[in-house]
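Worksheet: one structure, shown below.
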Amino acid sequence: MRGLAKLVAALALGGCAALGTVSAAKATGPTLTAVKQRGQLLCGVFGVVPGFSLPDSKGVMRGIDADSCRALAAAVLGDPDKVRFVMLTAQQRLPALQSGEVDVVFANLTWTFGREVPTGLAFPHIYYYDGQTFVVKKSLGVKTTKELDGASICLTQGSTIELTVQEHFARNGMKFTPVVFADVSETRKAFLAGRCDATAGDGSSLAGFKSSLGTAADDYVLMPERISNEPLAGAVRKGDAQWLDIVRWTHFAMVGAEALGIAKANVDSFAASKDPNIRRLLGMESGFGEMLGLRNDWVVAIIKGVGNFGEMWDRNVVGVDRGLNRLWTQGGLQYAPPFR
Amino acid sequence: MRPIAIMDRPTAVTGARRQRLEQLLVLAVPVLLIAWLAANTAANLKAKGVTTGFGFLAMPARMGISEGFLPFVAGVDSYARVVAIGLCNTLFVSVLAIGIATVIGTAVGLSRLSGNWLLSRCAGTFVELVRNVPLPLQLLLWYQTLLNLPSPRTAIQFGGAYLSNRGLFFPTVSAATTLWLVAALLLAVTLLVGLRAAGVSRRGWRRRLPALALSVVGAAAVLLAIGEVELDRPTLRGFNFSGGMAISPELAALVLGLSIYAAAFVAEIVRASVVSVPRGQWEAGRALGLPHGRILRKIILPQALRLGLPALGNEYLSTIKNSSLAVIIGYPELASLINTMASDTGQPIEAIAVLMVSYLTISLGVGWLLHRCEQRLALAQR
């Protein structure tokens, strides 16, 4: 079934590439025009990863990926709820974007050379600095990833994980048996059933997986080291510079707002602010919104809809140290270029 | 075509030529359409900055592969090797599943026709139950069942073999011993062929099987006597067993699921074919005083086989294609490995083209083989 879905996605890509014409970027980019006409943002997410995108008990998509989609919808359409979440598997993420099935992808997607340069995609910003690691059964007594020689590892197709695990074992002169599934939920089911000694993935998503186990979480250990750098980034199609700018600066606006202390609850109190940084960010002067093809109060809509970057983080990411994802003023890497 | 040509004798040549021209034109339409689509796809992908082409097949693959018949070193061997390993695994699983499905299916199909009420109802229930539940569900059921076996450290032991949720591990003879046995078999074959060529024996190959088996057993006995038989036993080392041979739960679940699913359909084909052999054949057999089993084997089944072969062939083909459902239970066959290849290389269109060509080649090959079988059976009837 997955294979079929993937085939259809690839055929759709082929078909679109075959039948579509390549138009040069106009004054208003094609993606923004399409989103405004539709009145809805099509946002590609996994929909199965706790902390990133997972429907809650009422069926509302929750997580940092889902809220990134909402922030973009708020910026473009003025309403954070004008989003349709398109659930994608790891292998469908890129073809769905290439074929125009979605406007943007926020799906635990690592920004790599191979995914940007030869694929026709672009990565506007990094919203999560992550690294890959393993979850191991506690009863095996494994303390570091160097003690995993000979282990069976449950892995999911379509991500960078198969390569990084292979390289980690090769680098340390160790062997392992990969057991590879097309779907992350099958991978985790097999791991929990004891088919593998460990499962590997992004530290953040493994932490979410572990915490989703409830009382059984204590039977598993998240390895402390990270075997790779995984900068998780939004992705758009190359060639629509305006859309890339909108996605990128929506993120920077949220980071900038956090740095200036602007939050969901107090955003209105800044209406009379004299601080030029705040006035430019909130669209009271300079008209940055219009330069992006948006309304000038786009940042106000983002903050009212989703909050600043820190609020989005605290609401969604539970049980993971914010670490590298703190603001630069607090020793992290989240840093916004000035709105000037 | 021919009668028309005879009627218009004066213009027969031009008529034939015109027909050929028309056929060429009709053929040209889809060919040109496909060529246009391919060229346009390539041009548009290039314009969008997407890398195209099959050059990646020669590049080293960095993925891990859990099991296969060809040696594979990640980061050294190419993606072409990955495709070959997937192809071998697909064929291996398919041949195994088809073989088992044919045996079970024939037994169930004949049981369904049996006069024994219990037997025929059991067979009927099996068929209805199995063919009405989707195959992916059955595969997951078998897989989850196998994963409920104990862990390696508490494996079930019988003889030198261990059964756990990591698979079945059993001892094998060492490589050197295998070599000796193969050598003995080759020697026996050469001897028998030589004897036949020399006119000493005229017996057919079927009669020689016992002799061949005997020679291998004899060789094994000699090796055992001189203490050359080395067993490679599985032992628990670290996380898992090493040494010996292993059947992984993925392979077992896939073969079980595929063969039981296909067996239900084979059973119905067998039943239909046997029923469609005229009743007179049974009666003629009985009139000759032949026992039931003998009528079935010597008269009915050969005729039923000829009737059922096309349907059986279709079932075999769909079993081969169904093996791609392995992606949901993690067995590294063609579709699964090409899935990984597609995401590693970022070239899904080319990867899926490779997949399509591979399945097409297998299917056409099997179709051709079945066609040959049908021809042979048809000739035997004349």
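Labeling convention for the structure tokens: chains A, B, ... as they appear, residues from 1 per chain, ligands from 1 in order of appearance.
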- Query: What's the 8 Å shell around A:Thr199, counting only C-alpha atoms, without same-chain residues fewer than 5 positions away, as a ChimeraX atom specification?
  - Reply: /A:134-136,153-155,187-188,191
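All chain B residues having an atom within 6 Å of chain A, based on only C-alpha atoms, amount to B:Leu37, B:Asn40, B:Thr41, B:Asn44, B:Lys48, B:Gly49, B:Val50, B:Thr51, B:Arg62, B:Met63, B:Ser66, B:Leu147, B:Asn165, B:Arg166, B:Phe239, B:Val327, B:Ile328, B:Gly330, B:Thr340, B:Ser343, B:Ile349.
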- Given the choices A:Met87, A:Val60, A:Leu282, A:Leu72, which gets closest to A:Trp243 if the distance is worked out from only C-alpha atoms? A:Leu72
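Counting only C-alpha atoms, the residue from A:Met254, A:Ala96, A:Leu32, A:Met284 that sits nearest to A:Val76 is A:Leu32.
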- Message: Just want the 7 Å neighbourhood of A:Val45, counted on only C-alpha atoms, with same-chain residues fewer than 2 positions away dropped. Output as JSON, numbers by chain.
- Response: {"A": [43, 47, 53, 65, 85, 86, 87, 88, 105, 106, 107]}
Filtering to C-alpha atoms, could you give me those residues as a PDB file, in the first residue's frame?
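Heads up, here's the output in result.pdb:
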ATOM      1  CA  CYS A  43       1.178  22.072   4.546  1.00  0.00           C
ATOM      2  CA  GLY A  47       1.066  13.554  11.406  1.00  0.00           C
ATOM      3  CA  SER A  53       2.757  16.716  14.322  1.00  0.00           C
ATOM      4  CA  ASP A  65       5.666  21.291  12.756  1.00  0.00           C
ATOM      5  CA  PHE A  85      -2.481  19.361   6.874  1.00  0.00           C
ATOM      6  CA  VAL A  86      -1.418  16.867   4.223  1.00  0.00           C
ATOM      7  CA  MET A  87      -0.058  13.745   5.916  1.00  0.00           C
ATOM      8  CA  LEU A  88       3.060  12.421   4.175  1.00  0.00           C
ATOM      9  CA  VAL A 105       6.792  20.905   4.096  1.00  0.00           C
ATOM     10  CA  PHE A 106       7.404  20.818   7.852  1.00  0.00           C
ATOM     11  CA  ALA A 107       8.008  17.130   8.455  1.00  0.00           C
TER      12      ALA A 107
END
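One finds atom CA of A:Asp202 at 9.0 Å from atom CA of A:Ser228.
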- Name the residues of stretch 145-305 of chain B that fall into strand (DSSP E or B) according to DSSP on the backbone, using the chain letters and numbers of this document, as a ChimeraX atom specification. /B:156-158,161-164,167-170,172-173,231-232,235-237,240-242,245-247
Dump as a CSV table (one decimal), in the first residue's frame, selection limited to N, CA and C atoms:
chain,number,residue,atom,x,y,z
B,156,ILE,N,13.8,-20.7,22.6
B,156,ILE,CA,13.4,-22.1,22.7
B,156,ILE,C,14.5,-23.0,22.0
B,157,GLN,N,15.0,-24.0,22.7
B,157,GLN,CA,16.1,-24.8,22.1
B,157,GLN,C,15.6,-26.2,21.8
B,158,PHE,N,15.9,-26.6,20.6
B,158,PHE,CA,15.6,-28.0,20.2
B,158,PHE,C,16.8,-28.5,19.3
B,161,ALA,N,19.2,-26.2,17.4
B,161,ALA,CA,18.6,-25.0,16.8
B,161,ALA,C,17.9,-24.2,17.9
B,162,TYR,N,17.8,-22.9,17.6
B,162,TYR,CA,17.2,-22.0,18.6
B,162,TYR,C,16.1,-21.2,17.9
B,163,LEU,N,14.9,-21.1,18.6
B,163,LEU,CA,13.8,-20.3,18.0
B,163,LEU,C,13.6,-19.1,18.9
B,164,SER,N,13.6,-17.9,18.3
B,164,SER,CA,13.4,-16.7,19.1
B,164,SER,C,12.7,-15.7,18.2
B,167,GLY,N,14.4,-15.0,15.0
B,167,GLY,CA,14.3,-15.9,13.9
B,167,GLY,C,14.7,-17.3,14.4
B,168,LEU,N,14.8,-18.2,13.4
B,168,LEU,CA,15.2,-19.6,13.7
B,168,LEU,C,16.7,-19.8,13.3
B,169,PHE,N,17.5,-20.1,14.3
B,169,PHE,CA,18.9,-20.3,14.0
B,169,PHE,C,19.2,-21.8,14.1
B,170,PHE,N,19.8,-22.4,13.1
B,170,PHE,CA,20.1,-23.8,13.1
B,170,PHE,C,21.5,-24.1,12.6
B,172,THR,N,24.7,-25.6,10.5
B,172,THR,CA,24.9,-26.1,9.1
B,172,THR,C,26.2,-26.8,9.0
B,173,VAL,N,26.4,-27.5,8.0
B,173,VAL,CA,27.8,-28.0,7.8
B,173,VAL,C,28.7,-26.9,7.3
B,231,LEU,N,30.4,-29.0,11.9
B,231,LEU,CA,29.2,-28.3,12.0
B,231,LEU,C,29.4,-26.9,12.5
B,232,ASP,N,28.7,-26.0,11.8
B,232,ASP,CA,28.7,-24.6,12.2
B,232,ASP,C,27.5,-24.3,13.1
B,235,THR,N,25.6,-19.8,18.2
B,235,THR,CA,25.8,-19.6,19.7
B,235,THR,C,25.4,-18.2,20.0
B,236,LEU,N,24.9,-18.0,21.2
B,236,LEU,CA,24.4,-16.7,21.7
B,236,LEU,C,25.7,-15.8,22.0
B,237,ARG,N,25.9,-14.8,21.3
B,237,ARG,CA,27.0,-13.9,21.5
B,237,ARG,C,26.5,-12.5,21.5
B,240,ASN,N,22.8,-11.4,20.1
B,240,ASN,CA,22.0,-12.3,19.2
B,240,ASN,C,22.9,-13.5,18.9
B,241,PHE,N,22.3,-14.5,18.2
B,241,PHE,CA,23.0,-15.7,17.8
B,241,PHE,C,23.9,-15.3,16.7
B,242,SER,N,25.1,-16.0,16.6
B,242,SER,CA,25.9,-15.9,15.4
B,242,SER,C,26.3,-17.3,15.1
B,245,MET,N,22.9,-21.1,10.3
B,245,MET,CA,22.1,-20.5,9.3
B,245,MET,C,20.9,-19.9,10.1
B,246,ALA,N,20.3,-18.8,9.5
B,246,ALA,CA,19.1,-18.2,10.2
B,246,ALA,C,18.0,-18.0,9.2
B,247,ILE,N,16.8,-18.2,9.7
B,247,ILE,CA,15.6,-17.7,8.9
B,247,ILE,C,15.0,-16.6,9.8
